[in-house]
Amino acid sequence: MKKAIITLMLAFTSMVGWAQKSNYTIKADITPMVEEMAKHNVVIDTFYLADYGSQKPITKKYALKNNKINIKGKVGKPQLAALELRMRITGGVRTNHIPFILEAGNITIKMDGHSCIVAGTPLNDALSGVTREYGQAHQDGDSGKARQLLRDYILKHRDDPTAVLMLTAMEHSTTNDAKNVLALIGQCSEEVQQHPTTIQFAQRLNTQINSPKEGDKFKDFAVEYDGKTTRFSDYVGKGQYVLVDFWASWCGPCRAEIPNLIAAYNKYKEKGLVVLGVAVSDKPEATLKAIKDEKIPYPQIINSQQIATNLYGIRGIPEIMLFGPDGTILKQGLRGKDIENKLAEIFK
């Protein structure tokens with residue numbers, strides 16, 4: 001009987017020890033972010049934890065009080081999660097995501113300017129450390145060192161969820177870069193490769209590799225809106241130069257480029273230039289309002305959502321491309337003065 005009691009006590013002690021090892025706390029003071037958002041009439045009112053890949057809630061929603069965040073819970077093995085901050089803005093609600101590793105221990109999130117530093121547990125400390133080194137290498141202008149830091153870190157952490165985040169930070173603007181990142185993904189553990197974030201990222205890389213590049217002919221697509229079907233080929237490949245702006249009403253840099261596009265349209269339309277807007281990832285009513293507010297005179301393809309961006313491997317907007325009379329892509333990534341310089345070269 002005495003032996004059985006001792007066995008039960010040892011088992012109970014073991015269970016208590018495991019429970020303590022699985023406990024986590026997350027603390028943050030987000031006053032800097034709250035004050036910055038308030039300048040733009042944005043109010044942060046709610047927060048919760050969610051799975052980073054599926055975005056499924058891990059905790060209930062908490063009301064933000066005194067700009068402080070304090071969450072407690074239990075977790076098994078470390079997982080990629082996000083602190084979700086719900087923001088009330090004019091016309092709706094948006095959510096800001098702060099990714100981190102949810103693991104046992106005391107996790108702190110500190111606001112540092114426009115970035116967040118997550119620390120206090122082994123994997124979060126490792127992630128913060130390499131992020132600092134990476135940022136310093138870029139600040140020093142040593143992009144080669146920055147790339148190598150990420151590569152070395154990913155290979156060292158190929159079995160844990162921090163590799164998922166670092167993979168998406170790898171440079172992949174060129175086709176060769178994208179192929180190198182895909183090869184790096186292949187060297188990671190099955191768990192890292194099968195994480196939803198990695199799968200989506202790999203799909204984007206493959207799209208990028210196979211998307212049209214400068215010197216390639218355009219790829220056609222069709223968009224339905226207001227009972228009508230509009231094709232990209234209604235404008236491109238018709239014997240004229242076509243300057244295409246992939247944009248959205250909510251995108252500040254997109255709106256900033258519109259005056260440059262209007263100026264190009266007014267200056268070169270008589271010489272045969274066509275300017276075309278393609279609204280992506282935007283509500284049609286918001287697009288139409290922006291067209292009216294900005295007094296855009298050139299035609300638009302509305303409601304393309306992700307059709308155009310997926311087809312052309314566009315990772316960020318605005319993306320402004322120039323197509324030749326036969327539909328060949330002459331230039332990608334045009335911005336600001338480069339638009340006028342390229343058009344002046346053509347229409348001289």
# chains A, B, ... in the order shown; residues from 1 in each chain; ligands from 1
>>> residues_around(residues="Met321 (chain A)", least_positions_apart="3", cutoff="10 Å", atoms="only C-alpha atoms", output="list in words")
Glu214, Val242, Leu243, Val244, Asp245, Phe246, Leu276, Pro318, Ile329, Leu330, Lys331, Gln332, Gly333, Leu334, Arg335 and Ile339 of chain A
>>> residues_around(residues="region 162-178 of chain A", least_positions_apart="3", cutoff="6 Å", atoms="only C-alpha atoms", output="compact mmCIF listing (two decimals) with all heavy atoms, in the first residue's frame")
# COMPACT_ATOMS: atom_id res chain seq x y z
N ILE A 154 18.46 29.02 -41.18
CA ILE A 154 17.41 28.07 -41.62
C ILE A 154 17.93 26.64 -41.56
O ILE A 154 17.23 25.74 -41.09
CB ILE A 154 16.94 28.43 -43.04
CG1 ILE A 154 16.13 29.73 -43.00
CG2 ILE A 154 16.09 27.31 -43.64
CD1 ILE A 154 15.92 30.37 -44.35
N HIS A 157 18.13 25.51 -38.01
CA HIS A 157 16.80 25.38 -37.39
C HIS A 157 15.81 24.70 -38.33
O HIS A 157 14.61 24.95 -38.24
CB HIS A 157 16.28 26.75 -36.97
CG HIS A 157 17.03 27.37 -35.84
ND1 HIS A 157 16.59 27.32 -34.54
CD2 HIS A 157 18.20 28.06 -35.82
CE1 HIS A 157 17.45 27.96 -33.76
NE2 HIS A 157 18.44 28.41 -34.51
N ARG A 158 16.31 23.83 -39.19
CA ARG A 158 15.46 23.21 -40.21
C ARG A 158 14.34 22.37 -39.61
O ARG A 158 13.38 22.02 -40.31
CB ARG A 158 16.31 22.36 -41.15
CG ARG A 158 16.88 21.10 -40.53
CD ARG A 158 17.76 20.36 -41.51
NE ARG A 158 19.09 20.95 -41.64
CZ ARG A 158 19.91 20.70 -42.65
NH1 ARG A 158 19.54 19.90 -43.63
NH2 ARG A 158 21.10 21.26 -42.68
N VAL A 181 15.60 29.42 -53.09
CA VAL A 181 14.77 29.30 -51.88
C VAL A 181 14.00 27.99 -51.90
O VAL A 181 13.86 27.31 -50.88
CB VAL A 181 13.82 30.50 -51.73
CG1 VAL A 181 12.93 30.32 -50.50
CG2 VAL A 181 14.60 31.80 -51.61
N LEU A 205 6.42 31.05 -55.13
CA LEU A 205 7.72 30.97 -55.79
C LEU A 205 7.60 30.28 -57.14
O LEU A 205 8.19 30.73 -58.13
CB LEU A 205 8.71 30.22 -54.90
CG LEU A 205 9.13 30.90 -53.60
CD1 LEU A 205 10.01 29.98 -52.78
CD2 LEU A 205 9.85 32.22 -53.86
N ILE A 209 8.39 31.88 -60.77
CA ILE A 209 9.33 31.28 -61.72
C ILE A 209 8.69 31.13 -63.10
O ILE A 209 9.34 31.32 -64.13
CB ILE A 209 9.82 29.91 -61.19
CG1 ILE A 209 10.73 30.12 -59.98
CG2 ILE A 209 10.55 29.12 -62.27
CD1 ILE A 209 11.04 28.86 -59.21
>>> closest_residue(among="A:Pro57, A:Ile320, A:Lys74, A:Asp159", to="His195 (chain A)", atoms="only C-alpha atoms")
A:Asp159
>>> select_by_dssp(residues="region 116-202 of chain A", states="strand (DSSP E)", output="PDB file with N, CA and C atoms, in the first residue's frame")
ATOM      1  N   CYS A 116       8.526  45.047 -33.763  1.00  0.00           N
ATOM      2  CA  CYS A 116       8.261  44.399 -32.489  1.00  0.00           C
ATOM      3  C   CYS A 116       9.399  43.434 -32.184  1.00  0.00           C
ATOM      4  N   ILE A 117       9.834  43.411 -30.930  1.00  0.00           N
ATOM      5  CA  ILE A 117      10.864  42.480 -30.495  1.00  0.00           C
ATOM      6  C   ILE A 117      10.218  41.475 -29.556  1.00  0.00           C
ATOM      7  N   VAL A 118      10.239  40.204 -29.945  1.00  0.00           N
ATOM      8  CA  VAL A 118       9.656  39.137 -29.133  1.00  0.00           C
ATOM      9  C   VAL A 118      10.808  38.363 -28.508  1.00  0.00           C
ATOM     10  N   ALA A 119      10.773  38.208 -27.191  1.00  0.00           N
ATOM     11  CA  ALA A 119      11.895  37.566 -26.493  1.00  0.00           C
ATOM     12  C   ALA A 119      11.400  36.840 -25.249  1.00  0.00           C
TER      13      ALA A 119
END
>>> atom_distance(atom1="CA of Lys61 (chain A)", atom2="CA of Tyr48 (chain A)")
4.8 Å
>>> residues_around(residues="Asn41 (chain A)", least_positions_apart="2", cutoff="8 Å", atoms="only C-alpha atoms", output="list in words")
Met37, Ala38, Lys39, Val43, Ile89 and Thr90 of chain A
>>> residues_around(residues="Gly129 (chain A)", least_positions_apart="3", cutoff="12 Å", atoms="only C-alpha atoms", output="ChimeraX atom specification")
/A:117-126,132-136,149-150,153,162
>>> residues_around(residues="Tyr235 (chain A)", least_positions_apart="5", cutoff="10 Å", atoms="only C-alpha atoms", output="number ranges by chain")
A: 230, 240-242, 244, 274-276, 299, 327
